[in-house]
Every structure is written in structure tokens, then in C-alpha cells.
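For reference, the structure discussed in these notes is given below.
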Amino acid sequence: MNASAGLLLYRHAQGGLELLLGHPGGPYWARKDAGAWTLPKGAIEAGEDALEAARREFAEETGGQAQGPFLPLGEVRLRSGKRVQAWGCEGDFDPAALRSMQVTIAWPPRSGRVLQVPELDRVAWCTPARAQVLLPPALWPFVERLQAALASPGG
């Protein structure tokens with residue numbers, strides 16, 4: 001299955017809504033900023049519930065636990081064809097507490113050499129306006145859906 005699941009952690013701060021975004025680790029992403037950030041997400045394993053996959057990926061990529069309740073934000077399709085489902089979750093996370101799992105990548109590409117890098121090298125709280133700059137356009141609908149859900153009665 002070419003599908004991923006993730007969580008968009010949010011909090012209400014003095015300046016308004018803030019979202020927790022992550023920056024991918026490794027040399028490919030080292031000098032990329034605008035359009036390079038993401039929400040903690042990853043592959044849904046065979047037979048795994050999508051929300052459970054999102055919670056597992058959040059824990060693996062941040063070292064934090066998301067407690068819920070979870071607000072369904074639907075699905076988007078990336079340019080690669082991969083489908084991503086996401087849920088919003090109110091919570092707090094100290095970016096200094098980031099403990100991301102390590103992944104093995106080939107670097108430089110096709111060199112045969114491998115390198116261990118963190119899935120996320122940093123996380124940061126940002127406003128929705130800043131998130132629009134940092135996220136790739138394909139992931140932006142999750143922010144819009146979260147804002148709409150929070151603006152509706154009972155949101």
C-alpha cells in the first residue's frame with residue numbers, strides 16, 4: 001500500500017493557533033527550508049489502522065506521545081502518488097525534547113555508501129501563515145481543514 005498517516009499537533013498560544021512541523025534530517029534536506037517541512041508521518045503497515053500508524057509515527061519521529069482526541073483531516077495525494085491521511089491533535093511538545101528515530105539512507109545517491117540520519121532533525125511551532133511557506137503545497141489542505149474544524153461550533 002502506498003499510504004502514509006500523520007498527526008498535525010496544534011496548540012492555542014497567545015498569538016493564536018500554532019502548529020508543530022518537522023524538518024527532515026539528512027544532507028539532502030540540510031539547506032532546504034521553504035516547502036521542505038512536514039508533519040510527523042509515515043507508512044501504514046499491512047493490517048495497521050491508519051490512526052494507530054499516525055500515532056506510532058509521531059512517537060517514532062518526535063519521541064512524544066499524542067493523547068487525542070483526534071480530529072480527522074482527511075486525505076491528500078502527493079505528486080509521487082502516495083496518499084497521506086492526517087489527524088489534528090491538540091497538545092504541547094517542547095522542540096528541545098525531540099528524539100527522532102534514525103534511518104539509513106544512501107548518500108551520496110547511488111554511491112553505495114550509507115549514512116544514519118534522524119527522520120526529523122528539528123521541529124518548531126509555527127503559525128498557519130508560516131506553515132503555508134514551510135509545507136509543500138500538497139500538505140497545506142490539512143492546515144486549512146484543521147482551521148475550518150476549529151472554527152466550527154464544537155471545534
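Each chain of the C-alpha cells is named A, B, ... in the order shown, its residues numbered from 1; ligands are numbered from 1 in display order.
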
Closest atom pairs, residues of stretch 30-95 of chain A within 12 Å of stretch 108-131 of chain A, only C-alpha atoms, as CSV:
residue,atom,partner,partner_atom,distance
A:Ala30,CA,A:Asp121,CA,9.0
A:Asp33,CA,A:Ala131,CA,11.1
A:Ala34,CA,A:Ala131,CA,9.1
A:Gly35,CA,A:Ala131,CA,9.0
A:Ala36,CA,A:Ala131,CA,10.5
A:Trp37,CA,A:Ala131,CA,8.4
A:Thr38,CA,A:Ala131,CA,9.1
A:Leu39,CA,A:Val123,CA,9.2
A:Pro40,CA,A:Leu120,CA,8.2
A:Lys41,CA,A:Glu119,CA,10.0
A:Gly42,CA,A:Glu119,CA,10.0
A:Glu57,CA,A:Glu119,CA,10.2
A:Phe58,CA,A:Leu120,CA,10.6
A:Ala59,CA,A:Glu119,CA,11.6
A:Glu60,CA,A:Glu119,CA,8.7
A:Glu61,CA,A:Glu119,CA,6.1
A:Thr62,CA,A:Leu120,CA,7.5
A:Gly63,CA,A:Leu120,CA,10.6
A:Gly64,CA,A:Val123,CA,11.6
A:Gly91,CA,A:Trp125,CA,11.4
A:Asp92,CA,A:Trp125,CA,9.5
A:Phe93,CA,A:Trp125,CA,8.8
A:Asp94,CA,A:Ala124,CA,8.7
A:Pro95,CA,A:Val123,CA,5.5

Could the residues in this selection be saved with C-alpha atoms as a PDB file, in the first residue's frame?
ATOM      1  CA  ALA A  30      20.092  20.313   5.166  1.00  0.00           C
ATOM      2  CA  ASP A  33      13.584  25.269   4.228  1.00  0.00           C
ATOM      3  CA  ALA A  34      10.550  26.649   2.361  1.00  0.00           C
ATOM      4  CA  GLY A  35       8.441  23.748   1.138  1.00  0.00           C
ATOM      5  CA  ALA A  36      10.626  21.175   2.899  1.00  0.00           C
ATOM      6  CA  TRP A  37       8.871  20.843   6.268  1.00  0.00           C
ATOM      7  CA  THR A  38       6.247  18.231   7.034  1.00  0.00           C
ATOM      8  CA  LEU A  39       4.025  16.839   9.740  1.00  0.00           C
ATOM      9  CA  PRO A  40       5.252  13.723  11.531  1.00  0.00           C
ATOM     10  CA  LYS A  41       4.001  10.932   9.260  1.00  0.00           C
ATOM     11  CA  GLY A  42       4.981   7.602   7.820  1.00  0.00           C
ATOM     12  CA  GLU A  57       4.909   7.590  13.527  1.00  0.00           C
ATOM     13  CA  PHE A  58       4.512  10.668  15.738  1.00  0.00           C
ATOM     14  CA  ALA A  59       6.177   8.795  18.606  1.00  0.00           C
ATOM     15  CA  GLU A  60       8.983   7.448  16.386  1.00  0.00           C
ATOM     16  CA  GLU A  61       9.704  10.786  14.726  1.00  0.00           C
ATOM     17  CA  THR A  62       9.421  13.078  17.776  1.00  0.00           C
ATOM     18  CA  GLY A  63       9.769  10.908  20.873  1.00  0.00           C
ATOM     19  CA  GLY A  64       6.455  12.382  22.078  1.00  0.00           C
ATOM     20  CA  GLY A  91      -1.199  19.074  22.608  1.00  0.00           C
ATOM     21  CA  ASP A  92       2.118  20.557  23.543  1.00  0.00           C
ATOM     22  CA  PHE A  93       5.641  19.464  22.730  1.00  0.00           C
ATOM     23  CA  ASP A  94       8.960  21.032  23.639  1.00  0.00           C
ATOM     24  CA  PRO A  95      11.073  21.170  20.452  1.00  0.00           C
TER      25      PRO A  95
END

Taking the DSSP assignment computed from this structure's backbone, write out as a tab-separated table (two decimals) with C-alpha atoms, in the first residue's frame all residues of chain A that belong to strand (DSSP E or B).
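Contents of states_36.tsv, freshly written:
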chain	number	residue	atom	x	y	z
A	3	ALA	CA	-0.17	5.22	2.00
A	4	SER	CA	1.05	7.20	4.98
A	5	ALA	CA	-0.59	8.59	8.09
A	6	GLY	CA	0.39	11.51	10.30
A	7	LEU	CA	-0.57	13.88	13.06
A	8	LEU	CA	-0.77	17.65	12.98
A	9	LEU	CA	-0.23	18.68	16.60
A	10	TYR	CA	-1.65	22.09	17.42
A	11	ARG	CA	-1.95	24.42	20.38
A	12	HIS	CA	-3.61	27.71	21.18
A	13	ALA	CA	-0.94	30.30	22.07
A	16	GLY	CA	-3.33	32.34	18.06
A	17	LEU	CA	-3.12	28.88	16.58
A	18	GLU	CA	0.31	27.20	16.37
A	19	LEU	CA	1.22	24.00	14.54
A	20	LEU	CA	4.09	21.62	15.18
A	21	LEU	CA	6.01	20.96	11.97
A	22	GLY	CA	9.12	18.85	11.44
A	23	HIS	CA	12.15	19.30	9.21
A	24	PRO	CA	13.52	16.12	7.60
A	38	THR	CA	6.25	18.23	7.03
A	41	LYS	CA	4.00	10.93	9.26
A	42	GLY	CA	4.98	7.60	7.82
A	43	ALA	CA	3.94	4.37	6.18
A	70	PHE	CA	-8.05	13.10	17.23
A	71	LEU	CA	-9.75	15.23	14.61
A	72	PRO	CA	-9.87	13.57	11.15
A	73	LEU	CA	-8.38	15.85	8.48
A	74	GLY	CA	-8.95	13.55	5.52
A	75	GLU	CA	-6.51	12.55	2.84
A	76	VAL	CA	-4.28	14.23	0.25
A	77	ARG	CA	-2.35	12.79	-2.65
A	83	ARG	CA	-1.78	9.03	-0.23
A	84	VAL	CA	-1.44	10.71	3.18
A	85	GLN	CA	-4.15	10.67	5.85
A	86	ALA	CA	-3.87	13.01	8.82
A	87	TRP	CA	-5.49	13.85	12.12
A	88	GLY	CA	-5.29	17.02	14.16
A	89	CYS	CA	-4.49	16.65	17.84
A	90	GLU	CA	-4.28	19.36	20.47
A	102	GLN	CA	17.43	7.16	12.90
A	103	VAL	CA	17.02	5.94	9.34
A	104	THR	CA	19.59	4.64	6.89
A	105	ILE	CA	19.96	6.43	3.57
A	106	ALA	CA	22.32	6.02	0.62
A	114	VAL	CA	25.12	4.62	3.67
A	115	LEU	CA	24.54	7.20	6.34
A	116	GLN	CA	22.42	7.21	9.50
A	117	VAL	CA	20.26	10.35	9.84
A	118	PRO	CA	17.34	11.34	12.06
A	120	LEU	CA	13.38	14.75	11.68
A	121	ASP	CA	16.36	16.93	12.59
A	122	ARG	CA	14.21	19.62	14.23
A	123	VAL	CA	10.63	20.57	14.99
A	124	ALA	CA	9.15	24.00	15.51
A	125	TRP	CA	5.87	25.62	16.43
A	126	CYS	CA	4.63	27.99	13.74

_alpha helix (DSSP H) positions in stretch 2-92 of chain A, given as number ranges by chain_ = A: 50-62

*Smallest atom-to-atom distance to A:Ala138: which of A:Ala46, A:Arg55, A:Arg79, A:Trp29, using only C-alpha atoms?*
A:Arg79

*For the atom pair atom CA of A:Ser100 and atom CA of A:Ser80, what is the interatomic distance in Å to one decimal place?*
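For atom CA of A:Ser100 relative to atom CA of A:Ser80, the distance reads 24.2 Å.
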